[in-house]
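Data from entry.cif: mmCIF, C-alpha atoms and all ligand atoms
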data_input
loop_
_atom_site.label_atom_id
_atom_site.label_comp_id
_atom_site.auth_asym_id
_atom_site.auth_seq_id
_atom_site.Cartn_x
_atom_site.Cartn_y
_atom_site.Cartn_z
CA VAL A 1 115.64 72.91 100.15
CA PHE A 2 114.65 75.69 97.82
CA SER A 3 116.31 79.09 97.70
CA VAL A 4 115.52 81.68 100.35
CA ARG A 5 114.43 84.05 97.56
CA SER A 6 111.93 81.58 96.19
CA GLN A 7 110.46 81.08 99.63
CA ARG A 8 109.83 84.82 99.90
CA ILE A 9 107.45 84.78 96.92
CA GLU A 10 103.83 84.93 98.08
CA PRO A 11 100.92 83.47 96.13
CA PHE A 12 98.01 85.59 94.94
CA ARG A 13 95.31 85.33 97.60
CA VAL A 14 92.70 85.72 94.89
CA MET A 15 93.75 82.41 93.34
CA GLU A 16 92.25 80.58 96.31
CA LEU A 17 89.06 82.56 95.85
CA LEU A 18 89.10 81.86 92.12
CA GLY A 19 89.56 78.15 92.81
CA ARG A 20 86.49 78.23 95.05
CA ALA A 21 84.53 80.16 92.39
CA ARG A 22 85.40 77.50 89.81
CA ALA A 23 84.34 74.75 92.23
CA LEU A 24 80.99 76.49 92.77
CA GLU A 25 80.56 76.71 89.00
CA ARG A 26 81.34 73.03 88.56
CA ALA A 27 78.64 72.36 91.15
CA GLY A 28 76.17 74.27 88.96
CA ARG A 29 76.21 77.73 90.60
CA HIS A 30 76.47 80.84 88.44
CA VAL A 31 79.26 83.17 89.55
CA VAL A 32 79.68 86.84 88.57
CA HIS A 33 83.40 87.43 88.00
CA PHE A 34 84.57 90.86 89.13
CA GLU A 35 87.99 89.43 90.06
CA VAL A 36 89.48 88.82 86.62
CA GLY A 37 92.20 91.24 85.50
CA GLU A 38 92.08 90.46 81.79
CA PRO A 39 89.77 91.71 79.05
CA ASP A 40 86.87 89.36 78.29
CA PHE A 41 87.08 90.18 74.55
CA PRO A 42 88.85 87.73 72.27
CA THR A 43 91.94 88.96 70.46
CA ALA A 44 90.81 91.15 67.54
CA GLU A 45 90.34 89.40 64.19
CA PRO A 46 93.16 91.11 62.23
CA ILE A 47 95.67 90.06 64.90
CA VAL A 48 94.42 86.47 65.00
CA ARG A 49 94.61 86.27 61.19
CA ALA A 50 98.17 87.63 61.18
CA GLY A 51 99.12 85.06 63.83
CA ALA A 52 97.56 82.22 61.82
CA ARG A 53 99.37 83.40 58.66
CA ALA A 54 102.67 83.48 60.56
CA LEU A 55 102.13 79.94 61.76
CA GLU A 56 101.13 78.66 58.32
CA SER A 57 104.07 80.29 56.60
CA GLY A 58 106.55 78.74 58.99
CA ARG A 59 107.47 81.79 61.03
CA THR A 60 108.41 79.50 63.89
CA LYS A 61 112.11 80.26 64.40
CA TYR A 62 113.84 82.53 66.90
CA THR A 63 113.91 86.26 66.17
CA GLU A 64 116.38 88.93 67.27
CA ALA A 65 116.60 89.08 71.09
CA THR A 66 115.24 92.63 71.07
CA GLY A 67 112.37 91.64 68.76
CA LEU A 68 111.55 91.81 65.06
CA PRO A 69 112.90 95.06 63.60
CA GLU A 70 109.55 95.72 61.88
CA LEU A 71 107.71 95.33 65.19
CA ARG A 72 110.14 97.72 66.91
CA ASP A 73 109.42 100.16 64.07
CA ALA A 74 105.67 99.68 64.50
CA ILE A 75 105.91 100.29 68.25
CA ALA A 76 107.93 103.46 67.65
CA GLY A 77 105.21 104.51 65.17
CA HIS A 78 102.62 103.93 67.91
CA TYR A 79 104.23 106.70 70.00
CA ARG A 80 104.17 109.00 66.99
CA ARG A 81 100.47 108.31 66.55
CA ILE A 82 99.33 108.62 70.16
CA ALA A 83 101.67 111.36 71.37
CA GLY A 84 103.31 112.92 68.33
CA LEU A 85 106.61 111.66 69.69
CA PRO A 86 109.48 110.79 67.40
CA LEU A 87 110.98 107.66 68.96
CA ASP A 88 114.08 105.83 67.77
CA PRO A 89 112.97 102.19 67.24
CA GLY A 90 116.42 101.25 68.55
CA ARG A 91 115.15 102.18 72.02
CA VAL A 92 112.35 99.61 71.88
CA VAL A 93 112.99 96.14 73.32
CA VAL A 94 110.21 93.60 72.66
CA THR A 95 109.65 91.27 75.61
CA SER A 96 107.46 88.43 76.75
CA GLY A 97 104.69 90.56 78.25
CA ALA A 98 105.10 93.39 80.72
CA SER A 99 106.21 90.55 83.00
CA GLY A 100 109.22 89.87 80.76
CA ALA A 101 109.92 93.60 80.71
CA LEU A 102 109.88 93.79 84.51
CA MET A 103 112.14 90.74 84.73
CA LEU A 104 114.71 92.30 82.37
CA LEU A 105 114.59 95.66 84.13
CA SER A 106 115.03 94.10 87.57
CA ALA A 107 118.07 92.24 86.20
CA LEU A 108 119.40 95.47 84.66
CA LEU A 109 118.79 97.92 87.48
CA VAL A 110 118.77 96.06 90.79
CA ASP A 111 121.80 95.05 92.85
CA PRO A 112 121.47 93.16 96.14
CA GLY A 113 120.30 95.51 98.87
CA ASP A 114 119.15 98.26 96.50
CA VAL A 115 115.98 99.91 97.71
CA TRP A 116 113.18 100.77 95.28
CA LEU A 117 110.02 102.70 95.99
CA MET A 118 106.72 101.19 94.90
CA THR A 119 103.13 102.12 95.63
CA ASP A 120 100.98 100.37 98.23
CA PRO A 121 98.48 99.36 96.91
CA GLY A 122 100.14 98.28 93.69
CA TYR A 123 100.69 95.38 91.33
CA PRO A 124 101.89 92.61 93.67
CA CYS A 125 104.34 90.93 91.28
CA ASN A 126 106.57 94.02 91.19
CA ARG A 127 108.02 93.44 94.61
CA HIS A 128 108.54 89.75 93.83
CA PHE A 129 110.61 90.50 90.72
CA TRP A 130 112.71 92.75 92.94
CA THR A 131 113.01 90.04 95.61
CA VAL A 132 114.30 87.57 93.01
CA ALA A 133 116.92 90.15 91.98
CA GLY A 134 117.95 90.63 95.63
CA GLY A 135 116.45 94.12 95.86
CA VAL A 136 114.38 95.62 98.63
CA SER A 137 110.93 97.04 97.90
CA HIS A 138 109.92 99.99 100.02
CA LEU A 139 106.14 100.11 99.77
CA VAL A 140 104.95 103.70 99.96
CA PRO A 141 101.32 104.08 101.10
CA VAL A 142 99.09 105.92 98.66
CA GLY A 143 95.47 106.72 99.42
CA PRO A 144 92.40 108.64 98.35
CA GLU A 145 93.88 111.94 99.55
CA THR A 146 96.29 111.90 96.56
CA GLY A 147 94.00 109.99 94.19
CA PHE A 148 96.09 106.87 95.02
CA ASN A 149 99.10 108.50 93.35
CA LEU A 150 102.65 109.05 94.60
CA THR A 151 103.61 112.68 95.12
CA PRO A 152 106.97 114.49 94.95
CA ALA A 153 106.66 115.30 98.68
CA GLN A 154 106.30 111.61 99.48
CA LEU A 155 109.35 110.74 97.40
CA ARG A 156 111.41 113.30 99.27
CA SER A 157 110.20 112.09 102.65
CA VAL A 158 111.04 108.40 102.11
CA VAL A 159 114.21 108.52 100.00
CA THR A 160 117.47 107.37 101.64
CA PRO A 161 121.02 106.96 100.31
CA ALA A 162 120.17 103.31 99.52
CA THR A 163 117.18 104.23 97.30
CA ARG A 164 117.90 103.54 93.63
CA GLY A 165 114.60 104.03 91.89
CA VAL A 166 110.85 104.29 91.82
CA LEU A 167 108.42 101.98 90.04
CA PHE A 168 104.76 102.80 89.54
CA ALA A 169 101.97 102.31 87.03
CA SER A 170 99.66 104.81 85.34
CA PRO A 171 96.85 103.90 84.79
CA ALA A 172 97.28 101.81 87.94
CA ASN A 173 96.24 98.40 89.15
CA PRO A 174 94.25 98.01 91.45
CA THR A 175 93.00 101.60 91.72
CA GLY A 176 92.53 102.79 88.11
CA ALA A 177 94.41 105.94 89.12
CA VAL A 178 95.90 107.98 86.29
CA LEU A 179 98.60 110.63 86.64
CA GLY A 180 98.00 113.76 84.58
CA ARG A 181 100.72 115.61 82.72
CA ARG A 182 101.66 118.04 85.47
CA PRO A 183 101.75 115.59 88.41
CA MET A 184 103.66 113.07 86.26
CA ALA A 185 106.20 115.71 85.22
CA ALA A 186 106.59 116.85 88.84
CA LEU A 187 107.01 113.30 90.15
CA CYS A 188 109.57 112.34 87.51
CA SER A 189 111.58 115.52 87.82
CA THR A 190 111.73 115.12 91.60
CA ALA A 191 112.83 111.49 91.18
CA THR A 192 115.48 112.56 88.67
CA GLU A 193 116.70 115.31 90.97
CA LEU A 194 117.00 112.70 93.78
CA GLY A 195 119.11 110.53 91.46
CA LEU A 196 116.46 107.80 91.12
CA HIS A 197 115.71 105.60 88.13
CA ARG A 198 112.09 105.81 86.99
CA ILE A 199 110.21 102.75 85.74
CA VAL A 200 106.71 103.64 84.61
CA ASP A 201 104.40 100.72 83.88
CA GLU A 202 102.03 101.82 81.10
CA ILE A 203 100.42 98.42 80.54
CA TYR A 204 96.95 100.06 80.76
CA GLN A 205 97.89 102.75 78.24
CA GLY A 206 94.94 103.49 75.96
CA LEU A 207 92.43 102.38 78.60
CA VAL A 208 91.65 105.88 79.83
CA TYR A 209 88.09 107.13 79.79
CA GLU A 210 88.22 110.83 80.50
CA ASP A 211 90.62 113.02 78.57
CA GLY A 212 91.25 116.24 80.42
CA ALA A 213 93.45 119.15 79.36
CA ASP A 214 96.07 117.70 81.69
CA SER A 215 96.07 114.28 80.01
CA LEU A 216 99.20 112.50 78.92
CA ALA A 217 99.56 109.56 76.54
CA THR A 218 102.94 108.41 77.87
CA VAL A 219 105.48 109.44 80.47
CA LEU A 220 107.96 109.88 77.59
CA GLU A 221 106.24 113.21 76.85
CA VAL A 222 107.63 114.59 80.11
CA ASP A 223 110.56 112.30 81.00
CA THR A 224 112.66 110.93 78.13
CA GLY A 225 115.01 109.19 80.57
CA ALA A 226 112.32 106.99 82.17
CA PHE A 227 112.16 103.26 81.50
CA VAL A 228 108.71 102.48 80.11
CA VAL A 229 107.04 99.09 80.49
CA ASN A 230 104.17 98.25 78.16
CA SER A 231 102.31 95.24 76.86
CA PHE A 232 99.99 93.87 74.22
CA SER A 233 97.94 92.24 77.00
CA LYS A 234 95.32 94.80 77.96
CA TYR A 235 94.40 97.50 75.40
CA PHE A 236 95.41 95.15 72.57
CA GLY A 237 93.60 92.17 74.16
CA MET A 238 96.49 89.71 73.76
CA THR A 239 97.09 88.38 77.30
CA GLY A 240 97.85 84.80 76.26
CA TRP A 241 100.19 85.78 73.44
CA ARG A 242 102.71 86.92 76.05
CA LEU A 243 104.09 89.99 74.36
CA GLY A 244 105.13 93.39 75.65
CA TRP A 245 107.92 95.92 75.35
CA ILE A 246 110.33 98.29 77.07
CA VAL A 247 111.24 101.76 75.88
CA ALA A 248 114.68 102.31 77.40
CA PRO A 249 117.23 105.11 77.30
CA ALA A 250 119.49 104.37 74.32
CA ALA A 251 122.49 103.67 76.56
CA ALA A 252 120.67 100.77 78.25
CA VAL A 253 119.65 98.84 75.13
CA SER A 254 122.74 96.74 74.54
CA ALA A 255 122.78 95.56 78.18
CA LEU A 256 119.08 94.67 77.89
CA GLU A 257 119.83 92.83 74.66
CA ARG A 258 122.53 90.73 76.36
CA LEU A 259 120.17 89.88 79.21
CA ALA A 260 117.37 88.92 76.79
CA GLN A 261 119.72 86.75 74.69
CA ASN A 262 120.79 84.84 77.76
CA LEU A 263 117.54 84.66 79.70
CA TYR A 264 115.14 83.62 76.91
CA ILE A 265 116.85 84.12 73.48
CA SER A 266 113.92 85.95 71.89
CA PRO A 267 110.31 86.93 72.54
CA PRO A 268 107.68 84.61 71.02
CA THR A 269 107.93 84.75 67.22
CA ILE A 270 104.35 83.95 66.18
CA SER A 271 103.04 86.51 68.64
CA GLN A 272 105.35 89.15 67.23
CA TYR A 273 104.07 88.61 63.69
CA ALA A 274 100.52 88.74 65.03
CA ALA A 275 101.23 91.96 66.93
CA LEU A 276 102.32 93.72 63.73
CA ALA A 277 98.60 93.77 62.86
CA ALA A 278 97.69 95.37 66.21
CA PHE A 279 98.66 98.79 64.90
CA GLU A 280 96.67 98.56 61.67
CA PRO A 281 93.63 100.87 61.41
CA GLU A 282 91.15 97.96 61.43
CA ALA A 283 92.54 96.61 64.73
CA ILE A 284 92.80 100.06 66.29
CA ALA A 285 89.15 100.76 65.39
CA GLU A 286 88.17 97.52 67.16
CA HIS A 287 90.23 98.39 70.23
CA GLU A 288 88.66 101.83 70.38
CA ARG A 289 85.18 100.25 70.28
CA ARG A 290 86.24 98.09 73.21
CA ARG A 291 87.52 101.09 75.08
CA ALA A 292 84.10 102.74 74.65
CA GLU A 293 82.48 99.58 76.02
CA PHE A 294 84.82 99.60 79.05
CA ALA A 295 83.83 103.23 79.64
CA ARG A 296 80.11 102.31 79.63
CA ARG A 297 80.76 99.43 82.02
CA ARG A 298 82.77 101.61 84.35
CA ASP A 299 79.98 104.16 84.53
CA VAL A 300 77.31 101.53 85.25
CA LEU A 301 79.41 99.76 87.90
CA ARG A 302 80.49 102.98 89.54
CA ARG A 303 76.96 104.38 89.70
CA GLY A 304 75.61 101.05 90.92
CA LEU A 305 78.18 100.73 93.71
CA ASP A 306 77.69 104.37 94.69
CA ASP A 307 73.93 103.75 94.94
CA LEU A 308 74.66 100.87 97.30
CA GLY A 309 76.75 103.16 99.48
CA LEU A 310 79.95 101.37 98.49
CA ALA A 311 81.99 104.45 97.77
CA VAL A 312 84.42 104.40 94.88
CA THR A 313 87.28 106.49 96.20
CA GLY A 314 89.76 108.55 94.24
CA SER A 315 89.19 109.25 90.59
CA PRO A 316 89.58 105.95 88.73
CA LEU A 317 90.04 107.30 85.23
CA GLY A 318 91.63 104.28 83.63
CA ALA A 319 92.52 100.57 83.47
CA PHE A 320 89.43 98.43 84.14
CA TYR A 321 89.29 98.49 87.92
CA LEU A 322 87.39 100.22 90.69
CA TYR A 323 88.89 100.15 94.17
CA VAL A 324 86.02 100.25 96.57
CA ASN A 325 85.89 100.96 100.30
CA VAL A 326 83.81 98.30 102.04
CA THR A 327 84.20 99.38 105.68
CA ARG A 328 80.51 100.35 105.76
CA THR A 329 79.67 96.64 105.71
CA GLY A 330 81.43 96.17 109.02
CA MET A 331 83.54 93.44 107.43
CA ALA A 332 87.21 93.18 106.57
CA ALA A 333 87.83 92.96 102.81
CA GLU A 334 88.73 89.26 102.86
CA GLN A 335 85.67 88.33 104.88
CA PHE A 336 83.51 90.48 102.60
CA CYS A 337 84.90 88.76 99.48
CA TRP A 338 84.52 85.24 100.87
CA ARG A 339 80.98 85.79 102.11
CA LEU A 340 79.97 87.52 98.87
CA LEU A 341 81.26 84.52 96.93
CA GLU A 342 79.89 81.76 99.15
CA GLU A 343 76.50 83.29 99.84
CA PHE A 344 75.77 85.26 96.66
CA GLY A 345 78.10 83.94 93.94
CA VAL A 346 79.98 87.19 93.34
CA ALA A 347 83.79 87.11 93.11
CA ALA A 348 85.97 90.19 93.73
CA THR A 349 89.57 90.68 94.87
CA PRO A 350 90.39 91.80 98.43
CA GLY A 351 92.80 94.72 98.82
CA THR A 352 95.17 92.42 100.73
CA ASP A 353 96.41 91.09 97.37
CA PHE A 354 97.83 94.52 96.53
CA GLY A 355 99.67 95.55 99.69
CA ARG A 356 99.08 96.36 103.31
CA HIS A 357 97.96 99.99 103.41
CA HIS A 358 94.28 99.95 104.50
CA ALA A 359 94.17 96.71 102.52
CA GLN A 360 91.37 95.17 104.61
CA GLU A 361 89.16 98.16 103.82
CA PHE A 362 89.22 97.86 100.03
CA VAL A 363 88.04 95.47 97.35
CA ARG A 364 88.97 95.59 93.66
CA PHE A 365 86.15 95.19 91.16
CA ALA A 366 87.25 94.56 87.55
CA TYR A 367 84.77 95.50 84.82
CA THR A 368 86.02 92.84 82.44
CA ILE A 369 82.55 91.31 82.08
CA ALA A 370 79.55 92.26 79.93
CA LEU A 371 76.99 94.84 81.12
CA PRO A 372 74.22 92.31 81.92
CA GLU A 373 76.67 90.44 84.18
CA ILE A 374 77.62 93.70 85.88
CA GLU A 375 73.91 94.46 86.48
CA GLU A 376 73.41 90.94 87.86
CA GLY A 377 76.44 91.37 90.13
CA LEU A 378 75.09 94.68 91.45
CA ALA A 379 71.68 93.12 92.13
CA ARG A 380 73.33 90.33 94.11
CA ILE A 381 75.44 92.77 96.12
CA ARG A 382 72.26 94.69 96.91
CA ARG A 383 70.65 91.49 98.19
CA ALA A 384 73.79 90.70 100.20
CA LEU A 385 73.77 94.08 101.93
CA VAL A 386 70.09 93.65 102.81
CA ALA A 387 70.67 90.12 104.08
CA TRP A 388 73.63 91.24 106.19
CA GLY A 389 71.62 94.13 107.63
CA VAL A 390 73.84 96.82 106.14
CA SER A 391 71.54 99.81 105.65
CA ALA A 392 71.43 101.43 102.20
C1 LIG B 401 100.25 96.76 86.46
C2 LIG B 401 100.57 95.50 85.73
N1 LIG B 401 101.80 95.31 85.25
C3 LIG B 401 102.14 94.18 84.60
C4 LIG B 401 101.24 93.16 84.39
C5 LIG B 401 101.70 91.92 83.65
O1 LIG B 401 101.06 91.77 82.41
P1 LIG B 401 101.60 90.98 81.14
O2 LIG B 401 102.79 90.23 81.55
O3 LIG B 401 100.44 90.13 80.71
O4 LIG B 401 101.92 92.01 80.10
C6 LIG B 401 99.93 93.30 84.87
C7 LIG B 401 98.92 92.23 84.69
O5 LIG B 401 97.83 92.28 85.18
C8 LIG B 401 99.58 94.50 85.56
O6 LIG B 401 98.35 94.72 86.05
#
So, in terms of structure tokens, how does the structure I just supplied come out?
Amino acid sequence: VFSVRSQRIEPFRVMELLGRARALERAGRHVVHFEVGEPDFPTAEPIVRAGARALESGRTKYTEATGLPELRDAIAGHYRRIAGLPLDPGRVVVTSGASGALMLLSALLVDPGDVWLMTDPGYPCNRHFWTVAGGVSHLVPVGPETGFNLTPAQLRSVVTPATRGVLFASPANPTGAVLGRRPMAALCSTATELGLHRIVDEIYQGLVYEDGADSLATVLEVDTGAFVVNSFSKYFGMTGWRLGWIVAPAAAVSALERLAQNLYISPPTISQYAALAAFEPEAIAEHERRRAEFARRRDVLRRGLDDLGLAVTGSPLGAFYLYVNVTRTGMAAEQFCWRLLEEFGVAATPGTDFGRHHAQEFVRFAYTIALPEIEEGLARIRRALVAWGVSA
């Protein structure tokens, strides 16, 4: 028999859909992939070259548990560049992806029975990390009325003496929601006042397409005591290299170091040498070109879906997702996704993968495919709506 905790871990529903999409492709059908949550671009050249050099020069041993000192320096320099923030590199802990960061933080901050607040919808793995640590996730519904963001009033209304912290992402998956400077400051100061830890997942940092006066590069600009989760996966296009980081309050670093030493010894060495190149001007220029391309795709997809009467709710300013209300089709999200795939070869992710709150009304579309594919996907959805008798 396996542990009770392991039995509580649910699979991604979209994996079943993805399996079916792959089977259709093997049978010769062309599928438009709006379900994939990773950039379609290959890792940028300078990073690949640095990785190859590391491999060739025998950089294949363990590193420090908290990561290469020069990479921690480079990450600290990143905050200086994007936010003008002086950051002590000693507060940076390099991890194996944002996933490794979440694993370490759940081990650091969660005791059995501790309650943590998380958004619904939100990134589904969060609550599973907490389950493994024996914690309890309290999923707080967020909807279009607050731009899919948590508010201070909500925090106050759901907090209990057992609540230990709040975990949320900005930009967010699956909604693309971004918290501006003032709402972020208000949320974090309320959480602090309530005695809660703050974990802010900034894995989509840099993938923001509209800079307003209220914009914010990192939560650290308004809350120096927050735990920040970040990753080389998305903006830096390095999903398979499995590298991310934590910025922690200084007092937490040695405990995180002990956990890292014991749980996995060190983050992947070759990837760390590769990532040093991610902050060089040549790589940053490439990543900025990709950001501009994501912005174009978002605009085309958003306009296209709007034209089809599939309203994009909230203000999805970042990440590479649109969270779309499909109730107009008369179908639940899962039925909509399955029929769209089977009948028209378009794959998208039902809201039920991200929580329960109105989950059968929403579908996540990722714009991690090229513009011609997006146009093709929109044309197929148009045909689907006509075939299903859903008026335009
Ligand atoms: C919000 C969020 N956090 C964390 C992760 C984990 O990413 P990684 O472990 O590749 O850094 C993802 C991946 O999609 C995500 O969307």
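Counting all atoms listed in the file and comparing A:Ser189, A:Asn149, A:Ser137, A:Ser96, the residue that lies closest to Thr239 (chain A) is A:Ser96.
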task: Return as a ChimeraX atom specification the residues of protein, DNA or RNA that approach ligand LIG 401 (chain B) to within 9 Å, with only C-alpha atoms and all ligand atoms taken into account.
output: /A:37-38,95-102,122-126,168-174,201-204,229-234,238-245,319
Resulting file, chosen residues, C-alpha atoms, as a PDB file, in the frame of the given file:
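Output (part.pdb):
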ATOM      1  CA  GLY A  37      92.200  91.240  85.500  1.00  0.00           C
ATOM      2  CA  GLU A  38      92.080  90.460  81.790  1.00  0.00           C
ATOM      3  CA  THR A  95     109.650  91.270  75.610  1.00  0.00           C
ATOM      4  CA  SER A  96     107.460  88.430  76.750  1.00  0.00           C
ATOM      5  CA  GLY A  97     104.690  90.560  78.250  1.00  0.00           C
ATOM      6  CA  ALA A  98     105.100  93.390  80.720  1.00  0.00           C
ATOM      7  CA  SER A  99     106.210  90.550  83.000  1.00  0.00           C
ATOM      8  CA  GLY A 100     109.220  89.870  80.760  1.00  0.00           C
ATOM      9  CA  ALA A 101     109.920  93.600  80.710  1.00  0.00           C
ATOM     10  CA  LEU A 102     109.880  93.790  84.510  1.00  0.00           C
ATOM     11  CA  GLY A 122     100.140  98.280  93.690  1.00  0.00           C
ATOM     12  CA  TYR A 123     100.690  95.380  91.330  1.00  0.00           C
ATOM     13  CA  PRO A 124     101.890  92.610  93.670  1.00  0.00           C
ATOM     14  CA  CYS A 125     104.340  90.930  91.280  1.00  0.00           C
ATOM     15  CA  ASN A 126     106.570  94.020  91.190  1.00  0.00           C
ATOM     16  CA  PHE A 168     104.760 102.800  89.540  1.00  0.00           C
ATOM     17  CA  ALA A 169     101.970 102.310  87.030  1.00  0.00           C
ATOM     18  CA  SER A 170      99.660 104.810  85.340  1.00  0.00           C
ATOM     19  CA  PRO A 171      96.850 103.900  84.790  1.00  0.00           C
ATOM     20  CA  ALA A 172      97.280 101.810  87.940  1.00  0.00           C
ATOM     21  CA  ASN A 173      96.240  98.400  89.150  1.00  0.00           C
ATOM     22  CA  PRO A 174      94.250  98.010  91.450  1.00  0.00           C
ATOM     23  CA  ASP A 201     104.400 100.720  83.880  1.00  0.00           C
ATOM     24  CA  GLU A 202     102.030 101.820  81.100  1.00  0.00           C
ATOM     25  CA  ILE A 203     100.420  98.420  80.540  1.00  0.00           C
ATOM     26  CA  TYR A 204      96.950 100.060  80.760  1.00  0.00           C
ATOM     27  CA  VAL A 229     107.040  99.090  80.490  1.00  0.00           C
ATOM     28  CA  ASN A 230     104.170  98.250  78.160  1.00  0.00           C
ATOM     29  CA  SER A 231     102.310  95.240  76.860  1.00  0.00           C
ATOM     30  CA  PHE A 232      99.990  93.870  74.220  1.00  0.00           C
ATOM     31  CA  SER A 233      97.940  92.240  77.000  1.00  0.00           C
ATOM     32  CA  LYS A 234      95.320  94.800  77.960  1.00  0.00           C
ATOM     33  CA  MET A 238      96.490  89.710  73.760  1.00  0.00           C
ATOM     34  CA  THR A 239      97.090  88.380  77.300  1.00  0.00           C
ATOM     35  CA  GLY A 240      97.850  84.800  76.260  1.00  0.00           C
ATOM     36  CA  TRP A 241     100.190  85.780  73.440  1.00  0.00           C
ATOM     37  CA  ARG A 242     102.710  86.920  76.050  1.00  0.00           C
ATOM     38  CA  LEU A 243     104.090  89.990  74.360  1.00  0.00           C
ATOM     39  CA  GLY A 244     105.130  93.390  75.650  1.00  0.00           C
ATOM     40  CA  TRP A 245     107.920  95.920  75.350  1.00  0.00           C
ATOM     41  CA  ALA A 319      92.520 100.570  83.470  1.00  0.00           C
TER      42      ALA A 319
END
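Among the candidates A:Arg198, A:Arg20, A:Arg164, A:His33, the one nearest to Ile374 (chain A) when counting only C-alpha atoms is A:His33.
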Using only C-alpha atoms, tabulate the residues of region 232-350 of chain A lying at most 10 Å from any atom of region 26-30 of chain A, each with its closest atom pair and that distance in Å to one decimal, by chain and increasing residue number, as a tab-separated table.
residue	atom	partner	partner_atom	distance
A:Phe344	CA	A:His30	CA	9.4
A:Gly345	CA	A:His30	CA	6.5
A:Val346	CA	A:His30	CA	8.8
message: Just want the 12 Å neighbourhood of Val208 (chain A), counted on only C-alpha atoms, with same-chain residues fewer than 4 positions away dropped. Output as a PyMOL selection string.
response: chain A and resi 170-172+176-180+202-204+212+215-218+234-235+288+290-295+298+315-321
Output file for the residues above (C-alpha atoms, as a PDB file, keeping the file's coordinate frame):
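What ended up in out-v4.pdb:
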ATOM      1  CA  SER A 170      99.660 104.810  85.340  1.00  0.00           C
ATOM      2  CA  PRO A 171      96.850 103.900  84.790  1.00  0.00           C
ATOM      3  CA  ALA A 172      97.280 101.810  87.940  1.00  0.00           C
ATOM      4  CA  GLY A 176      92.530 102.790  88.110  1.00  0.00           C
ATOM      5  CA  ALA A 177      94.410 105.940  89.120  1.00  0.00           C
ATOM      6  CA  VAL A 178      95.900 107.980  86.290  1.00  0.00           C
ATOM      7  CA  LEU A 179      98.600 110.630  86.640  1.00  0.00           C
ATOM      8  CA  GLY A 180      98.000 113.760  84.580  1.00  0.00           C
ATOM      9  CA  GLU A 202     102.030 101.820  81.100  1.00  0.00           C
ATOM     10  CA  ILE A 203     100.420  98.420  80.540  1.00  0.00           C
ATOM     11  CA  TYR A 204      96.950 100.060  80.760  1.00  0.00           C
ATOM     12  CA  GLY A 212      91.250 116.240  80.420  1.00  0.00           C
ATOM     13  CA  SER A 215      96.070 114.280  80.010  1.00  0.00           C
ATOM     14  CA  LEU A 216      99.200 112.500  78.920  1.00  0.00           C
ATOM     15  CA  ALA A 217      99.560 109.560  76.540  1.00  0.00           C
ATOM     16  CA  THR A 218     102.940 108.410  77.870  1.00  0.00           C
ATOM     17  CA  LYS A 234      95.320  94.800  77.960  1.00  0.00           C
ATOM     18  CA  TYR A 235      94.400  97.500  75.400  1.00  0.00           C
ATOM     19  CA  GLU A 288      88.660 101.830  70.380  1.00  0.00           C
ATOM     20  CA  ARG A 290      86.240  98.090  73.210  1.00  0.00           C
ATOM     21  CA  ARG A 291      87.520 101.090  75.080  1.00  0.00           C
ATOM     22  CA  ALA A 292      84.100 102.740  74.650  1.00  0.00           C
ATOM     23  CA  GLU A 293      82.480  99.580  76.020  1.00  0.00           C
ATOM     24  CA  PHE A 294      84.820  99.600  79.050  1.00  0.00           C
ATOM     25  CA  ALA A 295      83.830 103.230  79.640  1.00  0.00           C
ATOM     26  CA  ARG A 298      82.770 101.610  84.350  1.00  0.00           C
ATOM     27  CA  SER A 315      89.190 109.250  90.590  1.00  0.00           C
ATOM     28  CA  PRO A 316      89.580 105.950  88.730  1.00  0.00           C
ATOM     29  CA  LEU A 317      90.040 107.300  85.230  1.00  0.00           C
ATOM     30  CA  GLY A 318      91.630 104.280  83.630  1.00  0.00           C
ATOM     31  CA  ALA A 319      92.520 100.570  83.470  1.00  0.00           C
ATOM     32  CA  PHE A 320      89.430  98.430  84.140  1.00  0.00           C
ATOM     33  CA  TYR A 321      89.290  98.490  87.920  1.00  0.00           C
TER      34      TYR A 321
END
Shell around Thr60 (chain A) at 9 Å using all atoms listed in the file, local window under 6 positions removed, as a PyMOL selection string: chain A and resi 54+268-270
Residue contacts of Asp111 (chain A) (12 Å, all atoms listed in the file) excluding same-chain residues fewer than 3 positions away, as a short mmCIF file (atom, residue, chain, number, x, y, z; two decimals) with C-alpha atoms, keeping the file's coordinate frame:
data_model
loop_
_atom_site.label_atom_id
_atom_site.label_comp_id
_atom_site.auth_asym_id
_atom_site.auth_seq_id
_atom_site.Cartn_x
_atom_site.Cartn_y
_atom_site.Cartn_z
CA LEU A 105 114.59 95.66 84.13
CA SER A 106 115.03 94.10 87.57
CA ALA A 107 118.07 92.24 86.20
CA LEU A 108 119.40 95.47 84.66
CA ASP A 114 119.15 98.26 96.50
CA VAL A 115 115.98 99.91 97.71
CA TRP A 116 113.18 100.77 95.28
CA TRP A 130 112.71 92.75 92.94
CA THR A 131 113.01 90.04 95.61
CA VAL A 132 114.30 87.57 93.01
CA ALA A 133 116.92 90.15 91.98
CA GLY A 134 117.95 90.63 95.63
CA GLY A 135 116.45 94.12 95.86
CA VAL A 136 114.38 95.62 98.63
CA ALA A 162 120.17 103.31 99.52
CA THR A 163 117.18 104.23 97.30
CA ARG A 164 117.90 103.54 93.63
CA GLY A 165 114.60 104.03 91.89
#
- request: For Val300 (chain A), work out the shell of residues within 12 Å, counting only C-alpha atoms and skipping chain neighbours fewer than 3 positions away, then give it as a PyMOL selection string.
  value: chain A and resi 293-297+303-307+322+367+369-378
Taking a cut-off of 7 Å and counting all atoms listed in the file, can you build a table that, for each residue of region 274-354 of chain A near region 44-52 of chain A, reports the nearest atom pair and how far apart they are in Å (one decimal), sorted by chain then residue number, as a Markdown table?
| residue | atom | partner | partner_atom | distance |
| --- | --- | --- | --- | --- |
| A:Ala274 | CA | A:Gly51 | CA | 4.1 |
| A:Ala275 | CA | A:Ile47 | CA | 6.2 |
| A:Ala277 | CA | A:Ile47 | CA | 5.1 |
| A:Ala278 | CA | A:Ile47 | CA | 5.8 |
| A:Ala283 | CA | A:Pro46 | CA | 6.1 |
| A:Glu286 | CA | A:Ala44 | CA | 6.9 |
